[in-house]
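Colleague: Attaching a single structure in structure tokens format; questions to follow.
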Amino acid sequence: MTQERGAEQGFVSFRNVNKAYAALTVIRDLNLDVARGEFLTLLGPSGSGKTTSLMMLAGFEHPTSGTISLDGRVISNVPPHRRGIGVVFQNYALFPHMSILDNIKYPLRARGMRSRDCTQDAMRALAMVRLEALAHRTPAQLSGGQQQRVAVARALVFKPSLVLMDEPLGALDKQLREQLQDEIKSIHRETGVTVVYVTHDQSEALTMSDRVAVFDKGRIAQISTPAELYKSPLSSFVASFLGESN
Ligand code: ADP
């Protein structure tokens with residue numbers, strides 16, 4: 001019996017994706033499948049193409065060639081706000097003039113939901129990150145860690161099937177980072193949302209992920225479970241990258 005290649009396609013699927021900025025090729029023939037409900041981390045040195053891959057999935061950048069699909073549908077021509085993807089990017093800040101509650105309601109209001117219904121959903125999302133008590137403050141009145149938790153709640157409030165996170169904990173100290181790693185993991189477990197997560201911190205990648213894709217110069221050097229990565233690195237690049245301490 002022959003098996004259609006398409007039948008193996010993941011919930012998220014990159015097929016032969018290339019990306020160049022002028023003469024600089026930053027993603028090279030990328031093929032990647034993410035299963036529904038999976039927590040996949042893109043790990044690798046600075047400049048290896050992790051953020052560019054996430055930006056293409058979010059729709060803020062476009063492949064030079066190749067296709068990206070979500071739930072079986074090619075999304076090349078779908079604008080970012082129609083992709084149904086929640087994003088937590090470091091440079092995707094909260095609105096400073098709005099309360100925390102209004103920040104979280106924003107994606108729902110933008111989808112046409114009535115204000116009262118939005119409030120209920122927004123408070124539920126705030127409860128997931130244990131910040132209900134701060135709903136009426138403004139972002140400037142919150143700590144950096146609390147602001148990132150609000151950003152996570154805002155990305156989840158419209159119940160997306162996919163959430164993208166780019167170094168969401170990068171600016172936080174170690175203790176806070178570990179606490180938020182636990183919170184993000186339990187949200188992932190409880191909601192079943194598919195997560196594509198970017199970090200250059202290998203211990204973060206290894207503790208949080210179902211699988212890790214190690215990037216090297218715009219290519220995936222290896223994609224496997226954390227245990228498999230450590231047990232059987234496929235190349236000297238992967239072995240030496242994992243061997244570096246953070
Ligand atoms: P990573 O997330 O792994 O640090 P990036 O995806 O941010 O890597 O960057 C990959 C490469 O693409 C780098 O060499 C970076 O300088 C380059 N790059 C990223 N964005 C742009 C841009 N808008 N214009 C030109 N080059 C860019």
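Labels used: A, B, ... for chains in the order of the structure tokens, numbers from 1 for residues in each chain, and numbers from 1 for ligands as shown.
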Would you mind listing what lies within 12 Å of Leu108 of chain A as a PyMOL selection string, with only C-alpha atoms counted and same-chain residues fewer than 2 positions away left out?
Modeller: chain A and resi 81+84+86+101-106+110-122+125+154-160
Colleague: List all protein, DNA and RNA residues that have an atom no more than 9 Å from any atom of ligand 1, counting only C-alpha atoms and all ligand atoms, and report them as a ChimeraX atom specification.
Modeller: /A:19-22,24-27,42-55,61,166,198-200,215-218
Colleague: Which parts of segment 112-197 of chain A does DSSP call alpha helix (DSSP H) when run on the backbone here, written out as a ChimeraX atom specification?
Modeller: /A:115-128,144-156,174-191
Colleague: Closest to Tyr197 of chain A among A:Gln181, A:Ser13, A:Thr41, A:Thr67, using only C-alpha atoms?
Modeller: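 Among the listed residues, the smallest separation from Tyr197 of chain A belongs to A:Thr41.
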Colleague: Pick the closest to Leu180 of chain A from A:Arg82, A:Arg149, A:Arg36, A:Arg211: which is it, counting only C-alpha atoms?
Modeller: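 With only C-alpha atoms as the atom set, the closest residue is A:Arg149.
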Colleague: Which residue gives the smallest distance to Ala221 of chain A among A:Leu32, A:Thr207, A:Leu131, A:Glu38, with only C-alpha atoms counted?
Modeller: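 Using only C-alpha atoms, Ala221 of chain A sits closest to A:Leu32.
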Colleague: Quote the spacing between atom CA of Pro96 of chain A and atom CA of Met165 of chain A in Å to one decimal place.
Modeller: 20.6 Å
Colleague: Between atom CA of Gln202 of chain A and atom CA of Ala35 of chain A, measure the distance and give it in Å to one decimal.
Modeller: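 The value is 21.4 Å.
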Colleague: Take atom CA of Val212 of chain A and atom CA of Ala23 of chain A and report the distance between them in Å, one decimal.
Modeller: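 Interatomic distance here is 29.0 Å.
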Colleague: Here is a test: counting only C-alpha atoms, which residue of A:Ala93, A:Val17, A:Val12, A:Leu234 is nearest to Ala140 of chain A?
Modeller: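 Nearest to Ala140 of chain A: A:Ala93.
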